[in-house]
>>> print(open('structure-v3.cif').read())   # mmCIF, C-alpha atoms
data_run
loop_
_atom_site.label_atom_id
_atom_site.label_comp_id
_atom_site.auth_asym_id
_atom_site.auth_seq_id
_atom_site.Cartn_x
_atom_site.Cartn_y
_atom_site.Cartn_z
CA MET A 105 144.67 95.45 185.38
CA ILE A 106 141.49 95.11 183.40
CA GLU A 107 142.15 98.41 181.62
CA LYS A 108 145.62 97.21 180.53
CA LEU A 109 144.09 94.04 179.09
CA ARG A 110 141.59 96.14 177.15
CA ASP A 111 144.39 98.37 175.75
CA LYS A 112 146.38 95.34 174.62
CA LYS A 113 143.28 93.89 172.95
CA LYS A 114 142.71 97.12 171.00
CA ILE A 115 146.37 97.17 169.86
CA ILE A 116 146.15 93.54 168.62
CA ILE A 117 142.93 94.26 166.65
CA GLY A 118 144.45 97.38 165.06
CA VAL A 119 147.62 95.58 163.98
CA THR A 120 145.58 92.72 162.50
CA ALA A 121 143.38 95.13 160.53
CA GLY A 122 146.42 96.97 159.18
CA VAL A 123 148.02 93.76 158.00
CA LEU A 124 144.80 92.76 156.18
CA VAL A 125 144.48 96.15 154.50
CA PHE A 126 148.06 96.37 153.27
CA GLY A 127 148.08 92.72 152.25
CA GLY A 128 144.91 93.15 150.19
CA ALA A 129 146.26 96.23 148.47
CA GLY A 130 149.48 94.47 147.56
CA TYR A 131 147.57 91.50 146.17
CA TYR A 132 145.31 93.76 144.05
CA TYR A 133 148.20 95.61 142.41
CA THR A 134 150.17 92.45 141.90
CA THR A 135 147.30 90.57 140.18
CA GLN A 136 145.89 93.48 138.15
CA HIS A 137 149.15 94.92 136.84
CA SER A 138 150.96 91.68 136.17
CA LYS A 139 148.52 90.74 133.29
CA PRO A 140 150.20 91.22 129.90
CA SER A 141 148.49 93.58 127.43
CA ALA A 142 149.39 94.79 123.97
CA ILE A 143 148.94 98.40 122.96
CA ASP A 144 148.72 99.24 119.27
CA HIS A 145 150.11 102.42 117.75
CA THR A 146 146.76 104.21 118.33
CA GLY A 147 146.75 103.38 122.04
CA HIS A 148 143.91 100.82 121.75
CA GLN A 149 144.07 97.60 123.70
CA MET A 150 144.49 94.58 121.44
CA SER A 151 144.12 91.71 123.93
CA GLY A 152 141.33 89.10 123.95
CA PRO A 153 139.34 87.31 121.23
CA VAL A 154 138.07 90.56 119.63
CA MET A 155 140.21 93.30 118.07
CA ALA A 156 138.90 96.46 116.44
CA MET A 157 140.96 98.95 114.44
CA GLY A 158 138.86 101.62 112.76
CA ASP A 159 136.31 99.90 110.47
CA THR A 160 138.07 96.53 110.67
CA VAL A 161 137.07 93.92 113.26
CA THR A 162 138.90 90.65 113.92
CA LEU A 163 137.17 87.79 115.74
CA ASP A 164 138.78 84.52 116.71
CA ALA A 165 136.95 81.22 116.19
CA LYS A 166 135.40 81.15 119.66
CA ALA A 167 134.16 84.75 119.39
CA ARG A 168 132.59 84.03 115.99
CA GLN A 169 130.88 80.96 117.41
CA LEU A 170 129.51 82.81 120.42
CA ALA A 171 128.28 85.72 118.26
CA GLY A 172 126.70 83.37 115.71
CA VAL A 173 128.44 84.94 112.73
CA GLN A 174 127.12 83.76 109.36
CA THR A 175 128.05 84.87 105.84
CA ALA A 176 126.71 84.76 102.28
CA GLN A 177 127.94 85.82 98.86
CA ALA A 178 126.62 88.71 96.80
CA ILE A 179 125.03 87.22 93.69
CA VAL A 180 123.25 88.40 90.54
CA LYS A 181 119.60 87.37 90.73
CA ALA A 182 116.28 88.26 89.07
CA LEU A 183 113.76 89.51 91.61
CA ALA A 184 110.02 90.12 91.52
CA LYS A 185 108.51 92.38 94.12
CA GLU A 186 105.05 91.65 95.47
CA VAL A 187 102.98 94.69 96.39
CA LYS A 188 99.91 94.01 98.51
CA THR A 189 97.29 96.71 98.77
CA THR A 190 93.55 97.25 99.00
CA GLY A 191 91.11 98.68 96.50
CA LYS A 192 87.52 99.44 95.68
CA ILE A 193 85.42 98.04 92.85
CA ALA A 194 83.84 100.66 90.59
CA MET A 195 81.61 100.62 87.52
CA ASN A 196 83.20 100.42 84.11
CA GLU A 197 82.64 103.98 82.89
CA SER A 198 83.14 102.96 79.28
CA GLY A 199 80.20 100.55 79.69
CA ARG A 200 77.75 103.18 80.99
CA THR A 201 74.95 104.09 78.56
CA TYR A 202 71.55 105.78 78.40
CA ILE A 203 68.46 104.47 76.64
CA THR A 204 66.82 107.48 75.04
CA SER A 205 63.58 108.17 73.24
CA ARG A 206 63.43 108.75 69.46
CA VAL A 207 59.82 109.81 69.39
CA GLU A 208 57.56 112.14 71.30
CA GLY A 209 54.56 110.74 73.07
CA ARG A 210 52.94 109.56 76.28
CA VAL A 211 54.37 106.61 78.22
CA ASP A 212 51.43 104.29 78.85
CA GLU A 213 53.30 101.24 80.15
CA LEU A 214 56.77 100.37 81.54
CA TYR A 215 58.11 96.85 81.30
CA ILE A 216 61.22 97.55 83.47
CA THR A 217 60.15 99.13 86.74
CA ALA A 218 63.04 98.84 89.23
CA ASP A 219 66.67 99.83 89.51
CA GLY A 220 69.12 96.92 89.42
CA GLU A 221 67.19 94.90 86.83
CA TYR A 222 69.07 93.63 83.83
CA ILE A 223 68.05 94.74 80.34
CA ALA A 224 69.16 92.67 77.37
CA PRO A 225 69.91 94.35 74.03
CA GLY A 226 66.70 94.58 72.00
CA GLN A 227 64.42 93.94 74.99
CA ALA A 228 61.06 95.77 75.10
CA ILE A 229 61.11 98.38 77.85
CA ALA A 230 58.07 100.63 77.34
CA ALA A 231 54.88 101.23 75.32
CA VAL A 232 54.35 104.81 74.11
CA TYR A 233 51.35 106.43 72.44
CA SER A 234 53.04 108.53 69.76
CA PRO A 235 51.22 110.50 67.03
CA THR A 236 54.54 110.71 65.18
CA TYR A 237 54.78 106.93 65.05
CA ILE A 238 51.18 106.54 63.90
CA ALA A 239 51.69 109.10 61.12
CA ALA A 240 54.86 107.36 59.95
CA GLN A 241 53.02 104.04 59.72
CA GLU A 242 50.18 105.55 57.71
CA GLU A 243 52.67 107.22 55.37
CA TYR A 244 54.38 103.90 54.74
CA LEU A 245 51.06 102.15 54.06
CA LEU A 246 50.15 104.90 51.58
CA THR A 247 53.38 104.40 49.63
CA LEU A 248 52.74 100.67 49.53
CA ASP A 249 49.29 101.28 48.02
CA ASN A 250 50.71 103.64 45.41
CA VAL A 251 53.38 101.14 44.40
CA GLN A 252 50.74 98.43 44.00
CA LYS A 253 48.20 100.55 42.14
CA LEU A 254 50.69 102.19 39.77
CA GLN A 255 52.90 99.21 39.05
CA ASN A 256 51.82 99.28 35.39
CA ALA A 257 52.41 103.01 34.96
CA GLY A 258 55.38 104.53 33.24
CA LYS A 259 58.91 103.70 34.27
CA ASP A 260 59.50 107.08 35.85
CA VAL A 261 56.33 106.86 37.96
CA VAL A 262 57.22 103.40 39.19
CA GLN A 263 60.71 104.56 40.19
CA ILE A 264 59.32 107.57 42.06
CA ASN A 265 56.81 105.42 43.96
CA ASN A 266 59.52 102.93 44.89
CA ARG A 267 61.72 105.71 46.19
CA LEU A 268 58.85 107.13 48.24
CA ARG A 269 58.22 103.69 49.72
CA GLU A 270 61.87 103.27 50.70
CA ALA A 271 61.92 106.76 52.23
CA ALA A 272 58.84 105.99 54.33
CA LYS A 273 60.37 102.72 55.47
CA ARG A 274 63.60 104.50 56.34
CA LYS A 275 61.64 106.94 58.53
CA LEU A 276 60.25 104.01 60.56
CA GLN A 277 63.72 102.55 60.94
CA LEU A 278 65.05 105.89 62.20
CA LEU A 279 62.32 105.82 64.84
CA ASN A 280 63.92 102.55 66.00
CA VAL A 281 61.10 100.37 64.69
CA PRO A 282 62.51 96.87 64.13
CA ASP A 283 62.26 95.23 60.73
CA ARG A 284 59.92 92.53 62.06
CA ASP A 285 57.39 95.18 63.10
CA ILE A 286 57.63 96.80 59.67
CA ALA A 287 57.05 93.42 58.05
CA HIS A 288 54.03 92.87 60.32
CA LEU A 289 52.67 96.28 59.27
CA GLU A 290 53.05 95.36 55.58
CA HIS A 291 51.10 92.16 56.20
CA THR A 292 48.26 93.53 58.32
CA LYS A 293 47.95 96.94 56.63
CA LYS A 294 46.86 98.29 60.04
CA PRO A 295 48.95 100.81 62.04
CA ASN A 296 49.64 100.21 65.73
CA GLU A 297 48.41 102.80 68.23
CA HIS A 298 51.30 102.20 70.65
CA MET A 299 54.93 102.09 69.79
CA THR A 300 57.05 99.56 71.63
CA ILE A 301 60.43 101.01 72.60
CA TYR A 302 63.30 98.53 72.54
CA ALA A 303 66.63 98.84 74.33
CA GLN A 304 69.43 99.87 72.01
CA PHE A 305 71.98 98.59 74.57
CA GLY A 306 72.11 95.99 77.32
CA GLY A 307 73.12 96.41 80.93
CA THR A 308 72.05 96.73 84.54
CA VAL A 309 69.62 99.52 85.33
CA LEU A 310 71.29 102.13 87.52
CA GLU A 311 68.44 104.60 87.41
CA LYS A 312 64.92 104.58 85.97
CA GLN A 313 64.22 108.11 84.81
CA LEU A 314 60.56 108.03 83.81
CA LEU A 315 57.17 106.96 85.14
CA PRO A 316 53.97 105.77 83.43
CA GLY A 317 51.99 108.70 82.15
CA ALA A 318 55.04 110.89 81.54
CA TYR A 319 55.28 112.74 78.22
CA ILE A 320 58.61 112.27 76.52
CA MET A 321 60.41 114.04 73.74
CA PRO A 322 63.09 112.84 71.31
CA GLY A 323 66.41 112.63 73.17
CA ASP A 324 64.92 112.25 76.65
CA LYS A 325 66.75 109.74 78.89
CA LEU A 326 64.63 106.76 79.85
CA TYR A 327 67.09 104.46 81.69
CA SER A 328 70.69 104.73 82.86
CA LEU A 329 72.55 101.45 82.32
CA SER A 330 75.93 100.01 83.14
CA ASP A 331 77.55 96.91 81.72
CA LEU A 332 78.78 95.09 84.84
CA SER A 333 80.25 92.17 82.89
CA THR A 334 83.47 94.15 83.24
CA VAL A 335 84.31 96.32 86.25
CA TRP A 336 87.14 98.57 87.31
CA LEU A 337 89.27 98.31 90.41
CA TYR A 338 90.86 101.44 91.84
CA THR A 339 93.81 100.81 94.13
CA ASP A 340 96.47 103.00 95.73
CA ILE A 341 100.19 102.39 95.13
CA TYR A 342 102.82 104.13 97.27
CA GLU A 343 105.22 106.40 95.44
CA LYS A 344 108.21 104.19 96.31
CA ASP A 345 106.66 101.38 94.21
CA ILE A 346 105.12 103.39 91.38
CA ALA A 347 108.26 103.28 89.20
CA SER A 348 107.73 99.55 88.68
CA ILE A 349 104.03 99.78 87.77
CA LYS A 350 103.32 99.46 84.04
CA THR A 351 100.10 99.19 82.05
CA GLY A 352 99.28 95.60 81.19
CA GLN A 353 100.69 94.15 84.42
CA PRO A 354 98.56 91.35 85.91
CA VAL A 355 96.80 91.88 89.23
CA VAL A 356 95.37 89.15 91.46
CA VAL A 357 92.33 90.12 93.55
CA THR A 358 90.73 88.39 96.54
CA SER A 359 87.62 89.29 98.47
CA GLY A 360 86.39 88.43 101.94
CA ALA A 361 83.00 87.72 100.37
CA TYR A 362 84.41 84.75 98.43
CA PRO A 363 87.03 82.96 100.59
CA GLY A 364 89.54 80.91 98.61
CA GLU A 365 88.49 82.44 95.26
CA THR A 366 90.72 84.71 93.18
CA PHE A 367 89.99 87.13 90.36
CA THR A 368 92.41 88.54 87.80
CA GLY A 369 92.75 91.81 85.95
CA GLN A 370 95.23 94.07 84.19
CA VAL A 371 96.50 97.57 84.90
CA THR A 372 94.93 99.90 82.31
CA PHE A 373 95.58 103.38 83.69
CA ILE A 374 98.02 105.09 86.09
CA ASN A 375 96.92 108.45 87.43
CA PRO A 376 99.49 111.12 86.47
CA VAL A 377 98.87 113.05 89.71
CA LEU A 378 100.13 111.97 93.14
CA ASP A 379 97.76 112.30 96.11
CA ASP A 380 99.52 114.74 98.41
CA ALA A 381 97.67 113.57 101.54
CA THR A 382 98.30 109.81 101.23
CA ARG A 383 101.48 109.95 99.07
CA THR A 384 99.94 107.36 96.76
CA VAL A 385 99.04 107.12 93.08
CA LYS A 386 95.64 105.84 91.97
CA VAL A 387 95.88 102.86 89.61
CA ARG A 388 92.96 101.47 87.60
CA VAL A 389 92.61 97.76 86.90
CA ALA A 390 90.13 96.33 84.37
CA MET A 391 88.56 93.05 85.50
CA ALA A 392 86.23 90.58 83.79
CA ASN A 393 83.08 89.96 85.84
CA PRO A 394 80.91 87.51 83.88
CA SER A 395 79.28 86.06 86.99
CA GLY A 396 78.58 89.45 88.55
CA LYS A 397 80.31 88.57 91.83
CA LEU A 398 82.40 91.74 91.89
CA LYS A 399 79.98 94.50 92.76
CA PRO A 400 80.64 98.26 92.62
CA ASN A 401 81.74 99.79 95.95
CA MET A 402 83.03 96.40 97.21
CA PHE A 403 86.38 96.50 99.03
CA VAL A 404 88.92 93.88 97.93
CA ASN A 405 92.60 92.96 98.40
CA ALA A 406 94.95 93.33 95.46
CA ASN A 407 98.30 91.70 94.80
CA VAL A 408 100.56 93.23 92.13
CA GLN A 409 103.66 91.43 90.87
CA LEU A 410 106.45 93.88 89.97
CA PRO A 411 109.37 92.35 88.02
CA LEU A 412 112.61 94.08 89.02
CA GLY A 413 114.94 92.36 86.56
CA GLU A 414 118.41 90.97 87.28
CA SER A 415 120.71 92.82 89.65
CA LEU A 416 123.35 92.28 92.34
CA VAL A 417 121.62 91.26 95.59
CA ILE A 418 122.45 90.27 99.16
CA PRO A 419 120.23 88.96 101.98
CA GLU A 420 118.25 91.67 103.79
CA SER A 421 119.81 90.65 107.11
CA SER A 422 123.22 91.71 105.77
CA LEU A 423 122.24 95.37 105.63
CA LEU A 424 122.66 97.70 108.60
CA ASP A 425 120.61 100.86 108.07
CA THR A 426 121.69 103.72 110.33
CA GLY A 427 119.37 106.22 108.69
CA SER A 428 122.10 108.24 107.03
CA ARG A 429 124.21 105.27 105.92
CA LYS A 430 123.62 101.80 104.50
CA ILE A 431 126.36 99.50 105.81
CA VAL A 432 127.49 95.91 105.25
CA PHE A 433 130.46 94.00 106.65
CA VAL A 434 132.60 92.30 104.03
CA ALA A 435 134.65 89.27 105.05
CA GLN A 436 138.29 89.79 104.05
CA SER A 437 139.29 86.47 105.59
CA GLU A 438 137.80 83.91 107.92
CA ASP A 439 138.25 86.13 110.96
CA THR A 440 138.50 89.69 109.57
CA PHE A 441 135.52 91.86 108.62
CA VAL A 442 135.54 95.37 107.11
CA LYS A 443 132.69 97.90 107.23
CA ARG A 444 131.62 99.16 103.79
CA ASP A 445 129.01 101.70 102.64
CA VAL A 446 126.63 100.61 99.85
CA VAL A 447 123.83 102.13 97.76
CA ILE A 448 120.70 99.99 97.74
CA GLY A 449 117.68 99.57 95.48
CA GLN A 450 114.47 97.61 96.09
CA TYR A 451 113.69 94.97 98.73
CA ALA A 452 112.13 91.74 97.44
CA GLU A 453 111.96 88.03 98.29
CA GLY A 454 114.22 88.45 101.33
CA TYR A 455 116.95 90.19 99.31
CA VAL A 456 117.98 93.80 98.74
CA GLN A 457 119.39 95.16 95.50
CA ILE A 458 122.91 96.61 95.62
CA LEU A 459 123.44 99.45 93.15
CA SER A 460 127.05 100.19 94.16
CA GLY A 461 129.59 99.29 96.85
CA LEU A 462 129.89 95.53 96.24
CA GLN A 463 130.99 93.18 93.48
CA PRO A 464 129.58 89.74 92.60
CA GLY A 465 131.25 87.13 94.79
CA ASP A 466 131.93 89.43 97.75
CA THR A 467 131.19 87.68 101.05
CA VAL A 468 129.07 89.65 103.51
CA VAL A 469 128.03 88.98 107.09
CA THR A 470 124.35 87.95 107.35
CA ALA A 471 124.09 87.31 111.11
CA ALA A 472 125.61 89.22 114.08
CA THR A 473 126.06 92.33 111.92
CA PHE A 474 124.97 94.61 114.74
CA LEU A 475 127.34 92.97 117.22
CA ILE A 476 130.29 93.41 114.88
CA ASP A 477 129.34 97.02 114.23
CA SER A 478 129.20 97.66 117.98
CA GLN A 479 132.85 96.59 118.24
CA THR A 480 133.88 99.32 115.79
CA LYS A 481 132.06 101.83 117.98
CA LEU A 482 133.61 100.49 121.19
CA GLY A 483 137.01 100.27 119.53
CA SER A 484 137.02 104.02 118.97
CA PHE A 485 136.94 104.41 122.75
CA GLY A 486 139.52 101.66 123.43
CA SER A 487 136.99 99.04 124.61
CA HIS A 488 136.83 95.59 123.08
CA ALA A 489 133.98 93.21 123.85
CA GLY A 490 134.08 93.53 127.61
CA HIS A 491 137.87 93.69 128.01
CA GLY A 492 137.82 97.10 129.63
CA GLY A 493 138.54 100.63 128.49
CA GLY A 494 141.81 102.00 127.24
CA ALA A 495 144.75 101.11 129.52
CA ALA A 496 145.80 103.98 131.77
CA LYS A 497 149.49 104.74 131.82
CA GLU A 498 151.14 103.89 135.13
CA THR A 499 153.55 106.32 136.79
CA SER A 500 155.47 103.47 138.41
CA THR A 501 155.41 99.72 138.60
CA PRO A 502 154.24 97.96 141.75
CA SER A 503 156.95 96.93 144.21
CA PRO A 504 156.84 94.29 146.91
CA VAL A 505 155.16 95.28 150.13
CA ASN A 506 157.79 96.22 152.75
CA GLY A 507 156.63 96.84 156.28
CA THR A 508 153.94 99.48 156.47
CA ASN A 509 154.98 101.21 153.23
CA SER A 510 154.06 99.25 150.10
CA GLY A 511 155.90 101.61 147.75
CA ALA A 512 153.08 101.21 145.17
CA VAL A 513 151.63 104.24 143.44
CA ALA A 514 148.02 103.68 142.31
CA PRO A 515 147.02 104.75 138.81
CA SER A 516 145.45 108.16 138.63
CA GLY A 517 141.68 108.05 138.82
CA SER A 518 141.60 104.35 139.80
CA GLU A 519 138.26 103.24 141.24
CA HIS A 520 140.27 101.37 143.93
CA SER A 521 142.30 104.38 144.99
CA GLY A 522 140.99 104.06 148.49
CA HIS A 523 143.24 101.06 148.97
CA GLY A 524 146.46 102.87 148.13
CA GLY A 525 149.38 103.40 150.53
CA GLN A 526 149.40 106.40 152.79
#
>>> encode(input="structure-v3.cif", output="structure tokens")
Amino acid sequence: MIEKLRDKKKIIIGVTAGVLVFGGAGYYYTTQHSKPSAIDHTGHQMSGPVMAMGDTVTLDAKARQLAGVQTAQAIVKALAKEVKTTGKIAMNESGRTYITSRVEGRVDELYITADGEYIAPGQAIAAVYSPTYIAAQEEYLLTLDNVQKLQNAGKDVVQINNRLREAAKRKLQLLNVPDRDIAHLEHTKKPNEHMTIYAQFGGTVLEKQLLPGAYIMPGDKLYSLSDLSTVWLYTDIYEKDIASIKTGQPVVVTSGAYPGETFTGQVTFINPVLDDATRTVKVRVAMANPSGKLKPNMFVNANVQLPLGESLVIPESSLLDTGSRKIVFVAQSEDTFVKRDVVIGQYAEGYVQILSGLQPGDTVVTAATFLIDSQTKLGSFGSHAGHGGGAAKETSTPSPVNGTNSGAVAPSGSEHSGHGGQ
């Protein structure tokens, strides 16, 4: 008796499970295959708020709002590109000089003894015992005596003595003896034993090249000087920006040593050779340095303004760069956008120059460009913004469930094929 009850219980459970299975399968096919869908001539599904056909994407108002689509017009605008780089201060090579000797003799005293000191033009720098200088003074004094003693002689004698006096004076001047010292010699009639050497040029001492007691000859270098009232800045410009660099362009320089302070200069030279390792071109900037704040070998920041002129531009966010293509989406209407290839120029001030592919007044998408482009990619596989892949063709339409045979044939490859009829 108990075994019969158990058999009946098993039969009831089996029938109930069968009814649930067949009922669920019938409901699935009825709900899934009763939804209307439109198929275009390419076989792509065209239902939902997003439609993609080739390079054209259509978005309804709600889809545009959810994607955050924004647009802007292509306009003609003058741009100026700002190039920020670093550089190194160097000495002005055109301001480098040497103070040299014009006489031979022994250096008995130096008045400038250390590198880095400043020498003003005409400043006394050394005292030299020079037999050449002493002889030149005595020769000049002799001509002065002859002119005075023979002033009442014949005209020819007076002229010869005057010429000899001027020649002796000229010899002192060629030895770099200043006129005031010559005038003092004329007054005292006594030659000096030491010749004071004066700086022919001014500048900062880079190197002192003699010591007291050294014997010098005409032409020997005494001091190496540099005029640091003007300095040079060498900076590196990448090859993509070098076409816009011109001589005479202003450069603004800042230094961490002087926060909040700026210095200005002008481009004076562009190296004709590109550095193969860094892919940059060395540019030289001349800078005034009256206060001496800019010191050679100091690192600074440089800002170069590059005027690009007027051209057709669009916002940078409009451009989609795939590497091989530069793409924008042009709005044909409020809800239709077409992919278009463009040729671009320089980036500046949040814009990008358009060399070809657009006309002034064209409206381009500035936000959600990537999302729209993804629809063109998905559209090529029959998928549209989450509305499923391409619709599979059905071999037969679902029929009402009848008894244990539903009469429904599941689509080939369906992920729910396990629920089909036996």
>>> residues_around(input="structure-v3.cif", residues="Val442 in chain A", least_positions_apart="6", cutoff="9 Å", atoms="all atoms listed in the file", output="ChimeraX atom specification")
/A:159-162,432-436
>>> write_last_selection(input="structure-v3.cif", atoms="C-alpha atoms", output="compact mmCIF listing (two decimals), in the frame of the given file")
# COMPACT_ATOMS: atom_id res chain seq x y z
CA ASP A 159 136.31 99.90 110.47
CA THR A 160 138.07 96.53 110.67
CA VAL A 161 137.07 93.92 113.26
CA THR A 162 138.90 90.65 113.92
CA VAL A 432 127.49 95.91 105.25
CA PHE A 433 130.46 94.00 106.65
CA VAL A 434 132.60 92.30 104.03
CA ALA A 435 134.65 89.27 105.05
CA GLN A 436 138.29 89.79 104.05
>>> atom_distance(input="structure-v3.cif", atom1="CA of Asn266 in chain A", atom2="CA of Ser234 in chain A")
26.3 Å
>>> closest_residue(input="structure-v3.cif", among="A:Ala361, A:Leu268, A:Ala165, A:Ile341", to="Thr382 in chain A", atoms="only C-alpha atoms")
A:Ile341
>>> closest_residue(input="structure-v3.cif", among="A:Ser330, A:Gln177, A:Asn256, A:Gln450", to="Leu412 in chain A", atoms="all atoms listed in the file")
A:Gln450
>>> atom_distance(input="structure-v3.cif", atom1="CA of Lys481 in chain A", atom2="CA of Gly454 in chain A")
27.8 Å
>>> resolve_selection(input="structure-v3.cif", expression="the PyMOL selection byres ((chain A and resi 468) around 12)", output="count of residues only")
41
>>> residues_around(input="structure-v3.cif", residues="range 366-380 of chain A", least_positions_apart="4", cutoff="8 Å", atoms="all atoms listed in the file", output="list in words")
Glu343, Lys350, Thr351, Gly352, Gln353, Pro354, Val355, Val356, Val357, Thr358, Ser359, Thr384, Val385, Lys386, Val387, Arg388, Val389, Ala390, Met391 and Ala392 of chain A
>>> build_atoms(input="structure-v3.cif", residues="range 332-350 of chain A", atoms="N, CA and C atoms", output="PDB file, in the frame of the given file")
ATOM      1  N   LEU A 332      77.989  95.592  83.720  1.00  0.00           N
ATOM      2  CA  LEU A 332      78.780  95.090  84.840  1.00  0.00           C
ATOM      3  C   LEU A 332      79.484  93.773  84.526  1.00  0.00           C
ATOM      4  N   SER A 333      79.481  93.365  83.251  1.00  0.00           N
ATOM      5  CA  SER A 333      80.250  92.170  82.890  1.00  0.00           C
ATOM      6  C   SER A 333      81.741  92.449  82.967  1.00  0.00           C
ATOM      7  N   THR A 334      82.103  93.727  82.939  1.00  0.00           N
ATOM      8  CA  THR A 334      83.470  94.150  83.240  1.00  0.00           C
ATOM      9  C   THR A 334      83.396  95.291  84.248  1.00  0.00           C
ATOM     10  N   VAL A 335      84.275  95.279  85.225  1.00  0.00           N
ATOM     11  CA  VAL A 335      84.310  96.320  86.250  1.00  0.00           C
ATOM     12  C   VAL A 335      85.726  96.858  86.362  1.00  0.00           C
ATOM     13  N   TRP A 336      85.832  97.970  87.052  1.00  0.00           N
ATOM     14  CA  TRP A 336      87.140  98.570  87.310  1.00  0.00           C
ATOM     15  C   TRP A 336      87.466  98.472  88.778  1.00  0.00           C
ATOM     16  N   LEU A 337      88.752  98.286  89.046  1.00  0.00           N
ATOM     17  CA  LEU A 337      89.270  98.310  90.410  1.00  0.00           C
ATOM     18  C   LEU A 337      90.212  99.493  90.535  1.00  0.00           C
ATOM     19  N   TYR A 338      89.957 100.333  91.539  1.00  0.00           N
ATOM     20  CA  TYR A 338      90.860 101.440  91.840  1.00  0.00           C
ATOM     21  C   TYR A 338      91.634 101.097  93.106  1.00  0.00           C
ATOM     22  N   THR A 339      92.957 101.123  92.992  1.00  0.00           N
ATOM     23  CA  THR A 339      93.810 100.810  94.130  1.00  0.00           C
ATOM     24  C   THR A 339      94.899 101.860  94.252  1.00  0.00           C
ATOM     25  N   ASP A 340      95.448 101.991  95.455  1.00  0.00           N
ATOM     26  CA  ASP A 340      96.470 103.000  95.730  1.00  0.00           C
ATOM     27  C   ASP A 340      97.846 102.338  95.834  1.00  0.00           C
ATOM     28  N   ILE A 341      98.811 102.889  95.120  1.00  0.00           N
ATOM     29  CA  ILE A 341     100.190 102.390  95.130  1.00  0.00           C
ATOM     30  C   ILE A 341     101.080 103.490  95.686  1.00  0.00           C
ATOM     31  N   TYR A 342     101.916 103.141  96.681  1.00  0.00           N
ATOM     32  CA  TYR A 342     102.820 104.130  97.270  1.00  0.00           C
ATOM     33  C   TYR A 342     103.864 104.581  96.254  1.00  0.00           C
ATOM     34  N   GLU A 343     104.318 105.813  96.421  1.00  0.00           N
ATOM     35  CA  GLU A 343     105.220 106.400  95.440  1.00  0.00           C
ATOM     36  C   GLU A 343     106.543 105.650  95.332  1.00  0.00           C
ATOM     37  N   LYS A 344     106.957 104.940  96.390  1.00  0.00           N
ATOM     38  CA  LYS A 344     108.210 104.190  96.310  1.00  0.00           C
ATOM     39  C   LYS A 344     108.101 102.986  95.379  1.00  0.00           C
ATOM     40  N   ASP A 345     106.869 102.551  95.075  1.00  0.00           N
ATOM     41  CA  ASP A 345     106.660 101.380  94.210  1.00  0.00           C
ATOM     42  C   ASP A 345     106.158 101.762  92.823  1.00  0.00           C
ATOM     43  N   ILE A 346     105.801 103.020  92.622  1.00  0.00           N
ATOM     44  CA  ILE A 346     105.120 103.390  91.380  1.00  0.00           C
ATOM     45  C   ILE A 346     106.027 103.268  90.163  1.00  0.00           C
ATOM     46  N   ALA A 347     107.346 103.357  90.352  1.00  0.00           N
ATOM     47  CA  ALA A 347     108.260 103.280  89.200  1.00  0.00           C
ATOM     48  C   ALA A 347     108.186 101.922  88.521  1.00  0.00           C
ATOM     49  N   SER A 348     107.777 100.898  89.249  1.00  0.00           N
ATOM     50  CA  SER A 348     107.730  99.550  88.680  1.00  0.00           C
ATOM     51  C   SER A 348     106.365  99.185  88.114  1.00  0.00           C
ATOM     52  N   ILE A 349     105.369 100.061  88.278  1.00  0.00           N
ATOM     53  CA  ILE A 349     104.030  99.780  87.770  1.00  0.00           C
ATOM     54  C   ILE A 349     103.944 100.157  86.302  1.00  0.00           C
ATOM     55  N   LYS A 350     103.483  99.219  85.471  1.00  0.00           N
ATOM     56  CA  LYS A 350     103.320  99.460  84.040  1.00  0.00           C
ATOM     57  C   LYS A 350     101.917  99.008  83.625  1.00  0.00           C
TER      58      LYS A 350
END
